[in-house]
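Participant: What follows is a structure written as structure tokens; I'll ask about it next.
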Amino acid sequence: MDLILGILLGILVLTFLVAAHEFGHGFIARRNGVKVEEFAIGFPPKITSKVVPKSPLGNNVEYSVNALPIGGFVRLKGEHDSAEDEGSYGAATFWQKTKILLAGVAVNWIIAAVLLTVLAWTGLPKMATVLPNQFTVPSDTQIENKPVQISAIAPGTPADKAGLQVGDTLVRFNGQKIGAADDFARVVQQDAGKTVSIIYSRNNKENTITLTLRAANTNGEGYLGAALSQQQYIHATWSAPIVGVVTTAQLTVATVQGVGATIAKAAQGFAGQFSTSHQARSAASKDLSEAGQNVAGPIGIFGVIFPAAEKAGLTQIVLLTALISLTLAVMNVLPIPGLDGARWYLTAVFKALKRPLTEDLEAKINGVGMYIIFGLIILVSIADIGKIRW
């Protein structure tokens, strides 16, 4: 059931984000004299449509709903770069085309900033691994510590033998209330080798166990043998919009760096496969594996990420929506085939070369790029299948 709900949630979120992105293109196109012919939710085959005489996207725009409920599109008059008819995209100036192509990016970035602003007011999770210096306004910030939970257990350790499980919430240790993960780790170290009692909560039911801690931490698995996690939340009032916007900017930089690092690892791993050294090939395979873990295709997004967020609650759903919206913004700035960035770079290159970009040449270049993207999506999706928890 969690998987089904997660898939439905993912479809709704991505449809909203892509539709908002496409609406941005259409709205700015209209403002720059380009005719919007159709605004669609989903992809064909078409279910229903209606031509609206007057709308925010212009006059006599066809609004349609299609059968494939992932995303959507906006169709402009004369979308190829060489079109010359009045009101066509091709007839627009280079600056007008830039504004039209970047409008979707701006909409997704703004959505992310708004959602993070809301979370900064209601409780924005601290993302220490992604943003070690996550922005706050100290005079208007309160930090909420959630209960300490077990995030991993090493086999054969006291935690494992006592029956503790990942997800258990630690309530008391030797009668003392557990408030912070760091404090708990320090107390456990002080009682190394001793028999202790632990009260933990599982499925809203408290349980008590007695176990003997390890006397030494020689292999780094800890005295208890359990890795701990504790989610912290930032609460702001008047500074929430500032926190939301600055955090969005920080995440933008982190996303660009992450994409660059993933591409570099993938390229390095691919090139290393042709090395004559067994050690170099092994290192290259590890790079490819790490790059693959950092990428999720449609199966990973709908089958893994959204079900996990749906189970975690509303805050995580809103945070995930903001992160995906921001990712869409960043990816559409980069020269990735089939996306807005590639289209802009293609137009810019031919403008710089002062050569005409014919409709046939543009179609061939975009076609090759799309074949490459679809191939990568298939490869990533195959890897994603193993991540699903049925």
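Each chain of the structure tokens is named A, B, ... in the order shown, its residues numbered from 1; ligands are numbered from 1 in display order.
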Just list as a ChimeraX atom specification whatever in stretch 45-265 of chain A DSSP marks as strand (DSSP E).

Facilitator: /A:45-55,58-76,124-125,142-145,149-153,169-173,176-177,195-202,205-212,226-229,232-235

Participant: At a cut-off of 9 Å, using only C-alpha atoms, what residues contact A:Ile242? Leave out same-chain residues fewer than 3 positions from it and give the result as a PDB file with N, CA and C atoms, in the first residue's frame.

Facilitator:
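Final output, saved to around-v4.pdb:
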```pdb
ATOM      1  N   THR A 117      10.464  28.276   2.501  1.00  0.00           N
ATOM      2  CA  THR A 117      10.036  29.348   3.407  1.00  0.00           C
ATOM      3  C   THR A 117       8.953  28.844   4.359  1.00  0.00           C
ATOM      4  N   THR A 136      20.843  30.176   8.852  1.00  0.00           N
ATOM      5  CA  THR A 136      19.801  30.580   9.802  1.00  0.00           C
ATOM      6  C   THR A 136      20.071  32.012  10.235  1.00  0.00           C
ATOM      7  N   VAL A 137      19.077  32.641  10.798  1.00  0.00           N
ATOM      8  CA  VAL A 137      19.244  33.936  11.459  1.00  0.00           C
ATOM      9  C   VAL A 137      19.236  33.648  12.958  1.00  0.00           C
ATOM     10  N   TRP A 238       9.886  35.824  11.642  1.00  0.00           N
ATOM     11  CA  TRP A 238      10.004  36.890  10.654  1.00  0.00           C
ATOM     12  C   TRP A 238      11.092  36.618   9.615  1.00  0.00           C
ATOM     13  N   SER A 239      12.074  35.795   9.979  1.00  0.00           N
ATOM     14  CA  SER A 239      13.183  35.533   9.061  1.00  0.00           C
ATOM     15  C   SER A 239      12.927  34.341   8.132  1.00  0.00           C
ATOM     16  N   VAL A 245      14.826  31.590   1.043  1.00  0.00           N
ATOM     17  CA  VAL A 245      15.514  32.012  -0.180  1.00  0.00           C
ATOM     18  C   VAL A 245      17.001  31.654  -0.124  1.00  0.00           C
ATOM     19  N   VAL A 246      17.648  31.945   1.012  1.00  0.00           N
ATOM     20  CA  VAL A 246      19.083  31.667   1.120  1.00  0.00           C
ATOM     21  C   VAL A 246      19.340  30.157   1.095  1.00  0.00           C
ATOM     22  N   THR A 247      18.483  29.378   1.762  1.00  0.00           N
ATOM     23  CA  THR A 247      18.642  27.922   1.734  1.00  0.00           C
ATOM     24  C   THR A 247      18.482  27.395   0.314  1.00  0.00           C
TER      25      THR A 247
END
```

Participant: Which residue is closest to A:Tyr345? Choose from A:Thr98, A:Ser64, A:Ser325, A:Asn217 and count only C-alpha atoms.

Facilitator: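 Comparing A:Thr98, A:Ser64, A:Ser325, A:Asn217 against A:Tyr345, the winner is A:Thr98.
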
Participant: With distances taken over only C-alpha atoms, which residue among A:Ala180, A:Asn108, A:Asn32, A:Ile70 lies nearest A:Ile324?

Facilitator: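 Ranking A:Ala180, A:Asn108, A:Asn32, A:Ile70 by distance to A:Ile324, first place goes to A:Asn108.
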
Participant: Which residues are near A:Thr315? Cut-off 10 Å, only C-alpha atoms, ignore same chain within fewer than 5 positions. Put them as a ChimeraX atom specification.

Facilitator: /A:118-119,122-125,309-310,320-321

Participant: For those residues, write N, CA and C atoms to a file as a compact mmCIF listing (two decimals), in the first residue's frame.

Facilitator:
```txt
# COMPACT_ATOMS: atom_id res chain seq x y z
N VAL A 118 7.99 28.10 3.81
CA VAL A 118 6.93 27.52 4.64
C VAL A 118 7.54 26.58 5.68
N LEU A 119 8.49 25.75 5.25
CA LEU A 119 9.12 24.82 6.17
C LEU A 119 9.96 25.55 7.22
N THR A 122 7.38 26.38 9.77
CA THR A 122 6.75 25.25 10.47
C THR A 122 7.76 24.25 11.03
N GLY A 123 8.96 24.23 10.46
CA GLY A 123 9.99 23.29 10.89
C GLY A 123 10.77 22.76 9.70
N LEU A 124 11.93 23.36 9.43
CA LEU A 124 12.76 22.98 8.29
C LEU A 124 13.83 22.00 8.75
N PRO A 125 13.86 20.79 8.22
CA PRO A 125 14.88 19.82 8.64
C PRO A 125 16.29 20.34 8.37
N ALA A 309 9.13 9.00 1.36
CA ALA A 309 8.69 10.32 1.82
C ALA A 309 7.25 10.26 2.34
N GLU A 310 6.40 9.52 1.64
CA GLU A 310 5.00 9.40 2.06
C GLU A 310 4.90 8.78 3.44
N LEU A 320 10.85 17.16 -0.09
CA LEU A 320 11.17 16.44 -1.31
C LEU A 320 10.65 17.19 -2.53
N THR A 321 9.44 17.74 -2.43
CA THR A 321 8.88 18.52 -3.54
C THR A 321 9.75 19.73 -3.85
```

Participant: Counting only C-alpha atoms, which residue out of A:Pro158, A:Gln165, A:Ile199, A:Ile150 sits closest to A:Lys177?

Facilitator: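 Checking each candidate against A:Lys177, we get A:Ile199 as the closest.
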
Participant: Of the residues A:Ile365, A:Gly6, A:Lys161, A:Ala154, which is the one nearest to A:Gly225, using only C-alpha atoms?

Facilitator: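 The closest residue to A:Gly225 is A:Ala154.
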
Participant: Restricting the calculation to only C-alpha atoms, which member of A:Trp344, A:Ala236, A:Leu328, A:Ala226 is positioned closest to A:Ala162?

Facilitator: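 The closest residue to A:Ala162 is A:Ala226.
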
Participant: Would you mind listing what lies within 12 Å of A:Lys351 as a ChimeraX atom specification, with only C-alpha atoms counted and same-chain residues fewer than 5 positions away left out?

Facilitator: /A:81-82,93-95,344-346,356-357

Participant: Could you write out that same residue set with N, CA and C atoms as a short mmCIF file (atom, residue, chain, number, x, y, z; two decimals), in the first residue's frame?

Facilitator:
```cif
data_model
loop_
_atom_site.label_atom_id
_atom_site.label_comp_id
_atom_site.auth_asym_id
_atom_site.auth_seq_id
_atom_site.Cartn_x
_atom_site.Cartn_y
_atom_site.Cartn_z
N ASP A 81 13.81 26.93 -34.53
CA ASP A 81 14.55 28.19 -34.48
C ASP A 81 14.48 28.97 -35.79
N SER A 82 14.24 28.28 -36.88
CA SER A 82 14.26 28.96 -38.18
C SER A 82 12.90 29.48 -38.62
N THR A 93 13.43 37.36 -30.89
CA THR A 93 14.84 37.69 -30.79
C THR A 93 15.55 36.70 -29.86
N PHE A 94 16.87 36.70 -29.91
CA PHE A 94 17.64 35.80 -29.04
C PHE A 94 17.34 36.08 -27.57
N TRP A 95 17.22 37.33 -27.18
CA TRP A 95 16.93 37.68 -25.80
C TRP A 95 15.53 37.21 -25.40
N TRP A 344 18.86 26.17 -25.47
CA TRP A 344 19.43 27.52 -25.44
C TRP A 344 20.87 27.51 -25.93
N TYR A 345 21.68 26.55 -25.47
CA TYR A 345 23.07 26.49 -25.90
C TYR A 345 23.18 26.27 -27.40
N LEU A 346 22.29 25.45 -27.95
CA LEU A 346 22.30 25.20 -29.38
C LEU A 346 22.02 26.49 -30.15
N PRO A 356 22.83 29.74 -39.93
CA PRO A 356 21.41 29.44 -39.72
C PRO A 356 21.22 28.03 -39.13
N LEU A 357 20.33 27.92 -38.16
CA LEU A 357 19.99 26.62 -37.59
C LEU A 357 18.70 26.16 -38.25
#
```

Participant: In terms of the shortest atom-to-atom distance over only C-alpha atoms, which of A:Ala159, A:Gly179, A:Ala216, A:Phe173 is closest to A:Ile198?

Facilitator: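 Closest to A:Ile198 of all the choices is A:Phe173.
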
Participant: Mind pulling up the distance from atom CA of A:Gln316 to atom CA of A:Asn207?

Facilitator: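 Distance between the two atoms: 27.6 Å.
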
Participant: Just want the 6 Å neighbourhood of stretch 37-40 of chain A, counted on only C-alpha atoms, with same-chain residues fewer than 4 positions away dropped. Output as a PyMOL selection string.

Facilitator: chain A and resi 61-65+72-76

Participant: Next, write the just-selected residues to a file, as a PDB file, in the first residue's frame, keeping C-alpha atoms as the atom set.

Facilitator:
```pdb
ATOM      1  CA  VAL A  61      -5.369  28.432 -26.452  1.00  0.00           C
ATOM      2  CA  GLU A  62      -6.147  24.720 -26.427  1.00  0.00           C
ATOM      3  CA  TYR A  63      -6.029  23.264 -22.904  1.00  0.00           C
ATOM      4  CA  SER A  64      -5.820  19.480 -22.894  1.00  0.00           C
ATOM      5  CA  VAL A  65      -5.589  16.531 -20.520  1.00  0.00           C
ATOM      6  CA  GLY A  72       2.964  18.093 -19.383  1.00  0.00           C
ATOM      7  CA  PHE A  73       3.983  20.470 -22.149  1.00  0.00           C
ATOM      8  CA  VAL A  74       3.295  23.803 -23.806  1.00  0.00           C
ATOM      9  CA  ARG A  75       3.193  24.043 -27.587  1.00  0.00           C
ATOM     10  CA  LEU A  76       4.230  27.335 -29.138  1.00  0.00           C
TER      11      LEU A  76
END
```
